[in-house]
Each structure stands twice: as structure tokens, then as C-alpha cells.
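Data from start_36.txt: compact mmCIF, C-alpha atoms
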```txt
# COMPACT_ATOMS: atom_id res chain seq x y z
CA MET A 13 65.09 -9.88 146.78
CA ASN A 14 65.83 -13.00 148.79
CA GLN A 15 69.38 -14.23 149.11
CA PRO A 16 70.37 -16.77 146.48
CA LYS A 17 72.12 -20.02 147.38
CA ARG A 18 75.90 -20.02 147.01
CA SER A 19 76.88 -21.57 143.70
CA ASP A 20 79.35 -24.48 143.65
CA GLU A 21 80.77 -23.03 140.44
CA PRO A 22 83.99 -21.68 142.09
CA ILE A 23 85.19 -25.30 142.45
CA TRP A 24 84.68 -26.08 138.77
CA TRP A 25 85.96 -22.67 137.76
CA ALA A 26 89.16 -23.17 139.80
CA LEU A 27 89.73 -26.56 138.13
CA PHE A 28 88.91 -24.96 134.75
CA SER A 29 91.44 -22.18 135.38
CA ALA A 30 94.14 -24.62 136.51
CA GLY A 31 93.40 -26.76 133.44
CA GLY A 32 93.67 -23.69 131.24
CA VAL A 33 97.15 -23.02 132.56
CA CYS A 34 98.10 -26.64 131.85
CA PHE A 35 96.64 -26.40 128.35
CA ALA A 36 98.73 -23.29 127.73
CA MET A 37 101.98 -24.36 129.39
CA VAL A 38 102.21 -28.16 129.47
CA ILE A 39 100.19 -29.52 126.56
CA PRO A 40 102.01 -27.65 123.73
CA GLY A 41 105.34 -29.03 124.98
CA LEU A 42 103.89 -32.52 125.19
CA VAL A 43 102.37 -32.32 121.71
CA LEU A 44 105.70 -31.12 120.37
CA THR A 45 107.80 -33.84 122.01
CA LEU A 46 105.46 -36.85 122.17
CA GLY A 47 103.28 -35.98 119.20
CA LEU A 48 105.78 -34.63 116.68
CA LEU A 49 109.52 -34.79 117.48
CA TYR A 50 109.54 -38.34 118.88
CA PRO A 51 107.41 -39.98 116.17
CA LEU A 52 109.47 -38.18 113.51
CA GLY A 53 112.58 -39.74 114.99
CA LEU A 54 114.10 -36.37 115.85
CA LEU A 55 114.71 -37.37 119.47
CA PRO A 56 117.03 -40.14 120.64
CA GLU A 57 115.15 -43.44 120.93
CA ALA A 58 116.61 -44.15 124.36
CA ALA A 59 115.23 -40.91 125.84
CA PHE A 60 111.71 -42.36 125.80
CA SER A 61 112.42 -45.99 126.58
CA TYR A 62 109.84 -47.59 128.89
CA SER A 63 112.27 -48.12 131.75
CA ARG A 64 113.59 -44.57 131.56
CA VAL A 65 110.14 -43.01 131.50
CA GLN A 66 109.06 -45.30 134.35
CA GLN A 67 112.08 -44.24 136.36
CA LEU A 68 111.27 -40.60 135.67
CA LEU A 69 107.67 -40.97 136.82
CA GLN A 70 108.78 -42.83 139.97
CA SER A 71 111.01 -39.97 141.11
CA PHE A 72 109.99 -38.01 144.23
CA TRP A 73 108.18 -41.08 145.68
CA GLY A 74 105.92 -41.34 142.64
CA LEU A 75 104.81 -37.73 142.95
CA ALA A 76 106.33 -36.99 139.53
CA GLY A 77 103.93 -39.49 137.95
CA LEU A 78 101.02 -37.99 139.86
CA ALA A 79 101.99 -34.46 138.81
CA PHE A 80 102.33 -35.58 135.20
CA ALA A 81 98.90 -37.25 135.20
CA GLY A 82 97.43 -34.15 136.85
CA ALA A 83 98.98 -31.59 134.53
CA ALA A 84 98.70 -33.55 131.28
CA ILE A 85 95.38 -35.33 131.76
CA CYS A 86 93.24 -34.52 134.83
CA LEU A 87 93.26 -30.72 134.90
CA PRO A 88 92.97 -30.33 131.10
CA LEU A 89 90.03 -32.78 131.29
CA PHE A 90 88.25 -30.58 133.82
CA HIS A 91 89.03 -27.56 131.64
CA ALA A 92 87.59 -29.22 128.53
CA MET A 93 84.50 -30.63 130.25
CA HIS A 94 83.78 -27.22 131.82
CA ARG A 95 83.72 -25.76 128.31
CA VAL A 96 81.53 -28.62 127.07
CA HIS A 97 79.17 -28.09 130.02
CA HIS A 98 78.78 -24.37 129.31
CA GLY A 99 78.69 -25.03 125.56
CA LEU A 100 75.71 -27.37 126.06
CA HIS A 101 73.98 -24.57 127.98
CA ASP A 102 74.79 -22.00 125.28
CA LEU A 103 73.42 -24.24 122.53
CA LYS A 104 70.36 -24.99 124.67
CA LEU A 105 71.12 -28.70 124.28
CA ALA A 106 71.25 -29.62 127.92
CA GLN A 107 70.90 -27.60 131.06
CA GLY A 108 70.70 -28.34 134.73
CA ARG A 109 71.91 -31.10 136.96
CA LEU A 110 72.13 -33.98 134.49
CA ALA A 111 74.52 -32.21 132.10
CA LYS A 112 76.65 -31.18 135.06
CA ILE A 113 76.82 -34.71 136.47
CA PHE A 114 77.66 -36.08 133.04
CA CYS A 115 80.41 -33.52 132.27
CA TYR A 116 82.19 -33.36 135.61
CA GLY A 117 81.46 -37.04 136.28
CA LEU A 118 83.29 -37.97 133.10
CA ALA A 119 86.20 -35.67 134.01
CA ASN A 120 86.33 -37.26 137.48
CA LEU A 121 86.16 -40.80 136.15
CA LEU A 122 88.86 -40.36 133.51
CA SER A 123 91.04 -38.47 136.01
CA ALA A 124 90.72 -41.35 138.47
CA VAL A 125 91.69 -43.81 135.73
CA ALA A 126 94.72 -41.65 134.82
CA ILE A 127 95.86 -41.36 138.42
CA VAL A 128 95.37 -45.08 139.20
CA TYR A 129 97.17 -46.01 135.99
CA SER A 130 100.06 -43.64 136.72
CA GLY A 131 100.24 -45.30 140.15
CA ILE A 132 100.39 -48.76 138.56
CA ILE A 133 103.17 -47.74 136.18
CA ALA A 134 105.13 -46.14 138.96
CA MET B 18 72.21 13.55 100.91
CA GLU B 19 69.81 11.02 102.36
CA LYS B 20 69.99 7.68 104.07
CA THR B 21 67.29 5.10 104.68
CA LEU B 22 66.44 4.12 108.22
CA ILE B 23 64.59 0.84 108.52
CA ILE B 24 62.94 1.10 111.90
CA GLN B 25 61.25 -1.62 113.87
CA ARG B 26 57.74 -0.51 114.79
CA TYR B 27 55.71 -2.32 117.40
CA ASN B 28 52.72 -1.41 119.48
CA PRO B 29 52.03 -4.44 121.69
CA GLU B 30 48.43 -3.28 122.27
CA GLN B 31 47.58 -3.32 118.56
CA ASP B 32 50.17 -5.27 116.56
CA GLN B 33 50.53 -9.04 116.38
CA ALA B 34 54.26 -8.76 115.77
CA PRO B 35 56.90 -6.06 115.17
CA SER B 36 57.18 -4.80 111.60
CA ALA B 37 59.78 -2.72 109.74
CA LYS B 38 59.07 0.72 108.31
CA ARG B 39 61.38 2.68 106.02
CA TYR B 40 62.14 6.40 106.35
CA GLN B 41 64.30 8.68 104.18
CA VAL B 42 66.35 11.01 106.34
CA PRO B 43 68.64 13.85 105.20
CA PHE B 44 72.04 13.80 106.89
CA ASP B 45 75.35 15.59 107.07
CA HIS B 46 78.64 14.87 108.82
CA SER B 47 77.21 15.58 112.27
CA THR B 48 73.85 13.75 112.07
CA SER B 49 73.54 11.16 114.81
CA VAL B 50 71.05 8.31 114.85
CA LEU B 51 69.19 10.20 117.59
CA ASP B 52 69.04 13.33 115.36
CA ALA B 53 67.64 11.15 112.58
CA LEU B 54 64.99 9.67 114.90
CA LEU B 55 64.02 13.17 116.05
CA TYR B 56 63.75 14.26 112.42
CA ILE B 57 61.44 11.35 111.66
CA GLN B 58 59.29 12.06 114.72
CA GLN B 59 59.06 15.80 114.02
CA GLN B 60 58.79 15.78 110.21
CA LEU B 61 57.59 12.41 108.98
CA ASP B 62 55.80 10.32 111.57
CA PRO B 63 54.86 11.69 115.01
CA THR B 64 53.78 8.21 116.17
CA LEU B 65 57.36 6.92 116.37
CA ALA B 66 58.27 6.25 120.01
CA PHE B 67 61.80 6.30 121.41
CA ARG B 68 63.52 7.32 124.61
CA TRP B 69 66.12 10.07 124.83
CA SER B 70 67.29 12.91 127.01
CA CYS B 71 70.78 14.41 127.15
CA ARG B 72 72.10 13.96 123.57
CA MET B 73 75.67 13.68 124.95
CA ALA B 74 76.15 10.09 126.11
CA ILE B 75 75.63 10.84 129.77
CA CYS B 76 72.01 9.92 130.50
CA GLY B 77 72.07 6.47 128.87
CA SER B 78 68.46 6.69 127.64
CA CYS B 79 68.78 6.39 123.88
CA GLY B 80 70.11 2.83 123.58
CA VAL B 81 68.92 1.05 120.42
CA MET B 82 70.16 -1.74 118.16
CA VAL B 83 71.81 -0.22 115.07
CA ASN B 84 72.39 -2.95 112.49
CA LYS B 85 71.90 -5.45 115.34
CA ILE B 86 74.67 -3.94 117.51
CA PRO B 87 73.67 -2.15 120.73
CA LYS B 88 74.52 1.56 120.43
CA LEU B 89 73.66 4.89 122.01
CA GLY B 90 71.72 6.79 119.35
CA CYS B 91 73.41 10.08 120.29
CA LYS B 92 76.93 8.64 119.97
CA THR B 93 76.36 6.84 116.65
CA PHE B 94 76.59 8.75 113.39
CA LEU B 95 74.87 8.14 110.05
CA ARG B 96 78.12 8.98 108.21
CA ASP B 97 79.66 5.71 109.49
CA TYR B 98 76.99 3.52 107.88
CA PRO B 99 76.08 2.51 104.32
CA ALA B 100 72.93 3.83 102.63
CA GLU B 101 70.60 1.76 104.85
CA LEU B 102 70.53 1.26 108.62
CA THR B 103 68.21 -0.98 110.57
CA ILE B 104 67.18 0.25 114.00
CA SER B 105 65.30 -1.72 116.60
CA ALA B 106 64.70 -1.76 120.34
CA LEU B 107 67.45 -3.15 122.59
CA ASP B 108 67.67 -6.96 122.46
CA HIS B 109 66.76 -9.13 125.46
CA PHE B 110 64.23 -6.67 126.90
CA PRO B 111 60.45 -6.62 126.38
CA ILE B 112 59.31 -3.84 124.02
CA GLU B 113 57.00 -1.20 125.43
CA LYS B 114 56.50 0.52 122.08
CA ASP B 115 58.68 0.84 118.94
CA LEU B 116 62.23 1.58 120.18
CA ILE B 117 61.34 1.85 123.86
CA SER B 118 62.34 -1.22 125.81
CA ASP B 119 61.14 -2.11 129.28
CA MET B 120 64.25 -1.89 131.50
CA ALA B 121 62.51 -3.07 134.69
CA VAL B 122 64.47 -6.35 134.87
CA PHE B 123 67.75 -4.48 134.67
CA LEU B 124 66.70 -2.01 137.36
CA ASP B 125 65.66 -4.89 139.64
CA HIS B 126 69.06 -6.51 139.21
CA LEU B 127 70.80 -3.21 139.83
CA GLN B 128 68.83 -2.70 143.02
CA ALA B 129 69.64 -6.22 144.21
CA VAL B 130 73.36 -5.43 144.52
CA LYS B 131 72.71 -2.36 146.72
CA PRO B 132 74.30 0.20 144.39
CA TYR B 133 75.19 2.80 147.02
CA LEU B 134 77.80 3.41 149.70
CA ILE B 135 77.09 1.43 152.85
CA ASN B 136 78.91 2.86 155.84
CA ASP B 137 77.53 2.75 159.34
CA SER B 138 80.07 5.01 160.98
CA ASN B 139 78.32 8.16 162.07
CA SER B 140 81.37 10.40 162.12
CA ALA B 141 80.94 13.92 160.83
CA GLU B 142 84.44 13.80 159.33
CA PRO B 143 84.75 13.35 155.57
CA HIS B 144 85.76 9.84 154.42
CA ARG B 145 89.20 10.53 153.06
CA GLN B 146 90.55 8.52 150.18
CA THR B 147 94.00 8.36 148.60
CA PRO B 148 94.40 8.57 144.79
CA ALA B 149 95.44 4.88 144.85
CA GLN B 150 92.22 3.90 146.67
CA LEU B 151 90.19 5.96 144.20
CA LYS B 152 91.89 4.31 141.24
CA LYS B 153 90.74 0.84 142.35
CA TYR B 154 87.10 1.52 141.51
CA GLN B 155 87.09 4.80 139.53
CA LYS B 156 86.84 3.12 136.12
CA PHE B 157 83.76 1.13 137.16
CA SER B 158 82.06 4.22 138.56
CA SER B 159 81.46 5.72 135.11
CA CYS B 160 78.59 3.32 134.28
CA ILE B 161 75.58 5.27 132.99
CA ASN B 162 73.11 2.36 133.24
CA CYS B 163 72.26 2.49 129.55
CA GLY B 164 71.73 -1.27 129.38
CA LEU B 165 73.70 -1.78 126.13
CA CYS B 166 75.72 -4.51 127.86
CA TYR B 167 72.51 -6.41 128.63
CA ALA B 168 71.45 -6.24 124.98
CA ALA B 169 74.91 -7.53 124.07
CA CYS B 170 75.12 -10.34 126.62
CA PRO B 171 74.08 -13.73 125.21
CA GLN B 172 73.92 -15.19 128.73
CA PHE B 173 71.41 -12.53 129.80
CA GLY B 174 69.50 -13.39 126.62
CA LEU B 175 69.36 -17.03 127.66
CA ASN B 176 68.69 -16.35 131.33
CA PRO B 177 67.11 -13.01 132.31
CA GLU B 178 67.68 -13.93 135.97
CA PHE B 179 71.41 -13.33 135.41
CA LEU B 180 72.37 -10.16 137.31
CA GLY B 181 74.18 -9.01 134.18
CA PRO B 182 77.23 -6.87 133.41
CA ALA B 183 76.20 -3.41 134.65
CA ALA B 184 74.81 -4.67 137.99
CA ILE B 185 78.00 -6.64 138.64
CA VAL B 186 80.16 -3.67 137.58
CA THR B 187 78.27 -1.54 140.07
CA ALA B 188 78.62 -4.15 142.82
CA GLN B 189 82.36 -4.20 142.16
CA ARG B 190 82.45 -0.42 142.07
CA TYR B 191 81.21 -0.26 145.68
CA ASN B 192 82.98 -3.40 146.91
CA LEU B 193 86.32 -1.93 145.82
CA ASP B 194 85.62 1.46 147.42
CA SER B 195 87.67 1.97 150.61
CA ARG B 196 84.81 3.98 152.16
CA ASP B 197 82.30 1.18 151.73
CA GLN B 198 81.46 -1.53 154.28
CA GLY B 199 78.71 -3.32 152.38
CA LYS B 200 80.68 -6.07 150.62
CA ALA B 201 79.30 -8.77 152.91
CA GLN B 202 75.77 -7.70 151.97
CA ARG B 203 76.50 -7.72 148.23
CA MET B 204 78.52 -10.93 147.96
CA PRO B 205 75.55 -13.35 148.36
CA GLN B 206 74.05 -11.92 145.14
CA LEU B 207 77.34 -12.32 143.27
CA ASN B 208 77.94 -15.82 144.74
CA GLY B 209 74.67 -17.27 143.47
CA LYS B 210 74.25 -19.14 140.20
CA ASN B 211 72.71 -16.03 138.63
CA GLY B 212 75.53 -13.82 139.93
CA VAL B 213 79.02 -13.70 138.47
CA TRP B 214 78.90 -17.43 137.69
CA ALA B 215 76.34 -17.09 134.92
CA CYS B 216 78.98 -15.22 132.88
CA THR B 217 81.04 -17.23 130.39
CA PHE B 218 83.35 -14.33 129.49
CA VAL B 219 82.00 -13.71 126.00
CA GLY B 220 83.24 -10.13 126.34
CA PHE B 221 80.75 -8.46 123.98
CA CYS B 222 79.58 -6.28 126.89
CA ALA B 223 83.01 -4.67 126.94
CA ASP B 224 82.89 -4.08 123.17
CA VAL B 225 79.59 -2.22 123.22
CA CYS B 226 80.04 -0.24 126.48
CA PRO B 227 79.84 3.45 125.46
CA LYS B 228 81.97 4.39 128.47
CA GLN B 229 84.63 1.71 127.73
CA LEU B 230 84.62 0.66 131.36
CA ASP B 231 85.22 -3.01 130.58
CA PRO B 232 82.32 -4.75 132.33
CA ALA B 233 83.76 -8.14 131.35
CA ALA B 234 86.84 -7.41 133.47
CA ALA B 235 84.66 -6.35 136.39
CA VAL B 236 82.63 -9.56 136.18
CA ASN B 237 85.77 -11.67 136.09
CA GLN B 238 87.29 -9.80 139.02
CA GLY B 239 83.96 -10.59 140.66
CA LYS B 240 84.57 -14.29 139.99
CA VAL B 241 87.91 -14.11 141.81
CA ALA B 242 86.20 -12.24 144.66
CA SER B 243 83.42 -14.85 144.80
CA ALA B 244 85.87 -17.80 144.73
CA THR B 245 87.89 -16.14 147.53
CA ASP B 246 84.67 -15.55 149.46
CA MET B 247 83.82 -19.26 149.16
CA LEU B 248 87.29 -20.31 150.32
CA ILE B 249 87.06 -18.01 153.34
CA SER B 250 83.59 -19.31 154.17
CA ILE B 251 84.94 -22.88 154.24
CA PHE B 252 87.70 -22.07 156.73
CA LYS B 253 85.71 -19.64 158.83
CA PRO B 254 83.82 -21.24 161.71
```
Once more with this new file: its structure as C-alpha cells, please.
Amino acid sequence: MNQPKRSDEPIWWALFSAGGVCFAMVIPGLVLTLGLLYPLGLLPEAAFSYSRVQQLLQSFWGLAGLAFAGAAICLPLFHAMHRVHHGLHDLKLAQGRLAKIFCYGLANLLSAVAIVYSGIIA
Amino acid sequence: MEKTLIIQRYNPEQDQAPSAKRYQVPFDHSTSVLDALLYIQQQLDPTLAFRWSCRMAICGSCGVMVNKIPKLGCKTFLRDYPAELTISALDHFPIEKDLISDMAVFLDHLQAVKPYLINDSNSAEPHRQTPAQLKKYQKFSSCINCGLCYAACPQFGLNPEFLGPAAIVTAQRYNLDSRDQGKAQRMPQLNGKNGVWACTFVGFCADVCPKQLDPAAAVNQGKVASATDMLISIFKP
């Protein structure tokens, strides 16, 4: 048997794993605070004022904003698109290079938008 | 007391497609599916073909689908099923005849991962191993190559080039053995797209494994090993 080419999957799998951790640890807290408690008026209005949130994201030379975008948007995106990519394969809907470019391309694009936008806010 | 076995019959040289045939089989508390198949072959229909040997879940020959779940015939009992059971050849393999599947693909994959100790040292001394070193791979060494995990794996069903659970378990079994030096020779197979990365962690392989050796865990440990291997290859000149 000849030696197969090394798969680039470890990269996507690492991002998928990191995204899975974010989905488990970060997203539930965000859904609870931003999705439920805040809209229901159970948190003080001032806690989420634009200037306060901006200040928070600017801390540590803007790294806080970057970390937030990464943990709440970018890594979960890679996690989700990895599942979509493999789901497409499982359902025999799309296989090969095109599905991969579409899935991870979309995750890359939206991640870039999130990071640039978090930079603008900060 | 009798139960009905609905058995998939197929002779590729004569039949257009597999067909089902019903047999009435007497049973008691200790009648296994393999016993029932032997009864049919000896008493009712000598043309029925199936593979078997040890009758005690060691040889791994008598794998069949029982009600669409991969099982060892010798380790599956009629008492645990309702009045009718359907039995067919293992999924995802070509059928040679009736319940005999062609395992050649599996054996090729197994051979590809070099399933033996590789150690070039020519010392006459025994290769000593501590209980802790043994424990690292011992669980994975109980694979009997029955192929049930391949019949269970939907990814192998979609892509027969996938090395598959048992081959990866066996690769891990030797890679984790302190006496072995062949990891570098096995990793390229695991690193490829048909190696560990074709697995999506469905986990059905671990459910059906008659030796409960958790192939899904071995494959996912293999993913960590492959990712580490990639990282090292990037930083190594």
C-alpha cells in the first residue's frame, strides 16, 4: 500500500474542538445574559450600556474584544461549519473540495468580519 | 418452543438479488443464533452457508446482522428476541454466499497499519514491560478481528477506503506499546484522509464490539496522535 498524503483535517479538527469548548463554556452564559436576563430586564440597564461595553472590550489593549469575538463568534463558527461540512458528506449532498471551500470559507469570512468589527468598536 | 429465523439467502453466481427465507427453529434458554444456524444447516437446509469456528467469541468468524445490528452469532441468544429474527450477512461487505461476507477489504486495511511489533534491536534479552506500560495498550489488544465494527460504521459504509475502527485500534495497540518502534511507519496511514480523519465519532463501533474494547476511543486517541504528529512535522526541519 502506498503512503497516503497527510490530511489537513487536524487544522479544522483543532478549530472544531476549540469551538466545541466555547459552545459548551461561553455560549450558554452569553445566551443566559444577553439572550434572556437582559431582555427580560433582570439585569441593571447600565451594566450593558454602549460606553461600558465598549470600555470593557477595549481593556488589555483591545485584546478583550478580540478574545470575545474569538470565543463567542469565530471558534463556534468553525465548530458549526465543521459539522455542516461533515453533515453534507454524511447525507451525500456534497463531497470534496467545493463543500470544504464553502464551509470553511464562510467560517473564515464571518470570523474576519467579526474581528474587524470588534476592532472598529474598540 | 420455536422461533422463526428469516435468513437472507444469496448466491451471487445464480441469484439476481438476495432473498429472504423463513425457518422454524426449536430453542431453549441456551440456544445461540449460531446453534440455530447449525440446526438449520444440519436438519432443514444443507445449502445454507455461514462462517463459524470456535463457538465462544474468540475466533470472530460468526459475525452476522441480527435484526440489522452486527452481532456474533455465538454470543447472541434466541431467548433475547421476539418470535421472529432476521439474519443477514454483515453490512458494508460484499456477500460471497448467504451469510458469508468477503472480508478482504478489512484484511487489506489491517495489513496496511503493520499490525505487529516492530523492533529492530537484536538483543537476546526479553523486552521487559511494567504493568503501567502494559495497561496503556492492553484494552486494545483484545480485538478479535470479527469486523462487526465495520458493519456498524456508517463512514466505512460511505467510503470503503476508510481504514476503519479495528485497523485503527490495532495501529494504536502497537503504537502505545513500549516495546514497539514502528509508530513512524504507521502514522502516515493514520494521517491520511482515509485514516483517523474519516471518522466522525458516531460511536456505534463501540456499541457493537463484542470485546467492549471501545474502538471509538482508540480512533479519537488516534486523532490526537495524528494532530500532534502534524504539529511536530511543522516544527521539525
Taking only C-alpha atoms into account, produce a table as JSON lines in which each residue of chain A with an atom at most 10 Å from an atom of chain B appears once, together with its shortest atom pair and the distance in Å to one decimal, ordered by chain and rising number.
```
{"residue": "A:Met13", "atom": "CA", "partner": "B:Ala129", "partner_atom": "CA", "distance": 6.4}
{"residue": "A:Asn14", "atom": "CA", "partner": "B:Ala129", "partner_atom": "CA", "distance": 9.0}
{"residue": "A:Gln15", "atom": "CA", "partner": "B:Pro205", "partner_atom": "CA", "distance": 6.3}
{"residue": "A:Pro16", "atom": "CA", "partner": "B:Gly209", "partner_atom": "CA", "distance": 5.3}
{"residue": "A:Lys17", "atom": "CA", "partner": "B:Gly209", "partner_atom": "CA", "distance": 5.4}
{"residue": "A:Arg18", "atom": "CA", "partner": "B:Gly209", "partner_atom": "CA", "distance": 4.6}
{"residue": "A:Ser19", "atom": "CA", "partner": "B:Gly209", "partner_atom": "CA", "distance": 4.8}
{"residue": "A:Asp20", "atom": "CA", "partner": "B:Lys210", "partner_atom": "CA", "distance": 8.2}
{"residue": "A:Glu21", "atom": "CA", "partner": "B:Trp214", "partner_atom": "CA", "distance": 6.5}
{"residue": "A:Pro22", "atom": "CA", "partner": "B:Ala244", "partner_atom": "CA", "distance": 5.1}
{"residue": "A:Ile23", "atom": "CA", "partner": "B:Ala244", "partner_atom": "CA", "distance": 7.9}
{"residue": "A:Trp25", "atom": "CA", "partner": "B:Ala244", "partner_atom": "CA", "distance": 8.5}
{"residue": "A:Ala26", "atom": "CA", "partner": "B:Ala244", "partner_atom": "CA", "distance": 8.0}
{"residue": "A:Arg95", "atom": "CA", "partner": "B:Thr217", "partner_atom": "CA", "distance": 9.2}
{"residue": "A:His98", "atom": "CA", "partner": "B:Thr217", "partner_atom": "CA", "distance": 7.6}
{"residue": "A:Gly99", "atom": "CA", "partner": "B:Thr217", "partner_atom": "CA", "distance": 9.5}
{"residue": "A:His101", "atom": "CA", "partner": "B:Leu175", "partner_atom": "CA", "distance": 8.8}
{"residue": "A:Asp102", "atom": "CA", "partner": "B:Gln172", "partner_atom": "CA", "distance": 7.7}
{"residue": "A:Leu103", "atom": "CA", "partner": "B:Leu175", "partner_atom": "CA", "distance": 9.7}
{"residue": "A:Lys104", "atom": "CA", "partner": "B:Leu175", "partner_atom": "CA", "distance": 8.6}
```
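The space between CA of Thr187 in chain B and CA of Asp115 in chain B spans 28.9 Å.
Closest approach to Asn136 in chain B among B:Ala201, B:Ala121, B:Ile86, B:Ile23 is made by B:Ala201 (distances from all atoms listed in the file).
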| task | Point out the residue among B:Pro227, B:Glu101, B:Cys166, B:Asp52 with the least atom-to-atom distance to Leu180 in chain B, counting only C-alpha atoms. | result | B:Cys166
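Atom pair CA of Arg96 in chain B / CA of Asp119 in chain B: separated by 29.2 Å.
CA of Ala242 in chain B to CA of Gly117 in chain A spans 26.6 Å [interatomic distance, one decimal].
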| said: What's around range 75-84 of chain A at 7 Å? Count all atoms listed in the file, leave out sequence neighbours fewer than 2 positions away in its own chain, and write the answer as a PyMOL selection string. | reply: chain A and resi 34+38-39+69-73+86-88+126-127+130+134
| said: Taking 2 positions as the minimum chain separation for residues in the same chain, which residues sit within 8 Å of Asp194 in chain B when counting all atoms listed in the file? Answer as a VMD selection string. | reply: chain B and resid 150 to 151 153 to 154 190 to 192 196 to 197
Let's have the selection written as a CSV table (one decimal), in the frame of the given file, with C-alpha atoms.
```csv
chain,number,residue,atom,x,y,z
B,150,GLN,CA,92.2,3.9,146.7
B,151,LEU,CA,90.2,6.0,144.2
B,153,LYS,CA,90.7,0.8,142.4
B,154,TYR,CA,87.1,1.5,141.5
B,190,ARG,CA,82.4,-0.4,142.1
B,191,TYR,CA,81.2,-0.3,145.7
B,192,ASN,CA,83.0,-3.4,146.9
B,196,ARG,CA,84.8,4.0,152.2
B,197,ASP,CA,82.3,1.2,151.7
```
| Nearby residues, (68.0, 9.8, 109.3) file frame, 8 Å, only C-alpha atoms, as a ChimeraX atom specification | /B:19-22,40-44,48-50,52-54,56-57,95
| field | 7 Å contact set for Phe28 in chain A, all atoms listed in the file, chain neighbours under 2 positions out, as a PyMOL selection string | value | chain A and resi 24-26+30-32+90-91+94
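Every protein or nucleic acid residue with an atom no more than 10 Å from Ser118 in chain B, counting all atoms listed in the file and leaving out same-chain residues fewer than 2 positions away, appears here: Phe67, Arg68, Gly80, Val81, Ser105, Ala106, Leu107, Asp108, His109, Phe110, Pro111, Ile112, Glu113, Lys114, Asp115, Leu116, Met120 and Ala121 of chain B.
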Could you add the missing atoms to range 38-58 of chain A, up to N, CA and C atoms, and return them as a CSV table (one decimal), in the coordinates of the input?
```csv
chain,number,residue,atom,x,y,z
A,38,VAL,N,101.7,-26.8,129.5
A,38,VAL,CA,102.2,-28.2,129.5
A,38,VAL,C,101.9,-28.9,128.2
A,39,ILE,N,100.6,-28.7,127.7
A,39,ILE,CA,100.2,-29.5,126.6
A,39,ILE,C,101.0,-29.2,125.3
A,40,PRO,N,101.2,-27.9,125.0
A,40,PRO,CA,102.0,-27.6,123.7
A,40,PRO,C,103.4,-28.4,123.7
A,41,GLY,N,104.0,-28.3,124.9
A,41,GLY,CA,105.3,-29.0,125.0
A,41,GLY,C,105.2,-30.5,124.8
A,42,LEU,N,104.1,-31.1,125.3
A,42,LEU,CA,103.9,-32.5,125.2
A,42,LEU,C,103.6,-32.9,123.7
A,43,VAL,N,102.7,-32.1,123.1
A,43,VAL,CA,102.4,-32.3,121.7
A,43,VAL,C,103.6,-32.3,120.8
A,44,LEU,N,104.5,-31.3,121.1
A,44,LEU,CA,105.7,-31.1,120.4
A,44,LEU,C,106.6,-32.3,120.5
A,45,THR,N,106.9,-32.7,121.8
A,45,THR,CA,107.8,-33.8,122.0
A,45,THR,C,107.2,-35.2,121.7
A,46,LEU,N,106.0,-35.5,122.3
A,46,LEU,CA,105.5,-36.8,122.2
A,46,LEU,C,104.7,-37.0,120.9
A,47,GLY,N,104.1,-35.9,120.4
A,47,GLY,CA,103.3,-36.0,119.2
A,47,GLY,C,104.0,-35.8,117.9
A,48,LEU,N,105.1,-35.0,117.9
A,48,LEU,CA,105.8,-34.6,116.7
A,48,LEU,C,107.2,-35.1,116.7
A,49,LEU,N,108.1,-34.5,117.6
A,49,LEU,CA,109.5,-34.8,117.5
A,49,LEU,C,109.8,-36.3,117.7
A,50,TYR,N,109.2,-36.9,118.6
A,50,TYR,CA,109.5,-38.3,118.9
A,50,TYR,C,109.1,-39.2,117.7
A,51,PRO,N,107.8,-39.1,117.3
A,51,PRO,CA,107.4,-40.0,116.2
A,51,PRO,C,108.2,-39.7,114.9
A,52,LEU,N,108.7,-38.5,114.7
A,52,LEU,CA,109.5,-38.2,113.5
A,52,LEU,C,110.9,-38.7,113.6
A,53,GLY,N,111.2,-39.2,114.8
A,53,GLY,CA,112.6,-39.7,115.0
A,53,GLY,C,113.6,-38.6,115.2
A,54,LEU,N,113.2,-37.5,115.6
A,54,LEU,CA,114.1,-36.4,115.8
A,54,LEU,C,114.7,-36.4,117.3
A,55,LEU,N,114.2,-37.3,118.1
A,55,LEU,CA,114.7,-37.4,119.5
A,55,LEU,C,115.4,-38.7,119.6
A,56,PRO,N,116.4,-38.8,120.5
A,56,PRO,CA,117.0,-40.1,120.6
A,56,PRO,C,116.0,-41.2,121.2
A,57,GLU,N,116.1,-42.3,120.6
A,57,GLU,CA,115.2,-43.4,120.9
A,57,GLU,C,115.2,-43.7,122.4
A,58,ALA,N,116.4,-43.7,123.0
A,58,ALA,CA,116.6,-44.2,124.4
A,58,ALA,C,116.0,-43.2,125.3
```
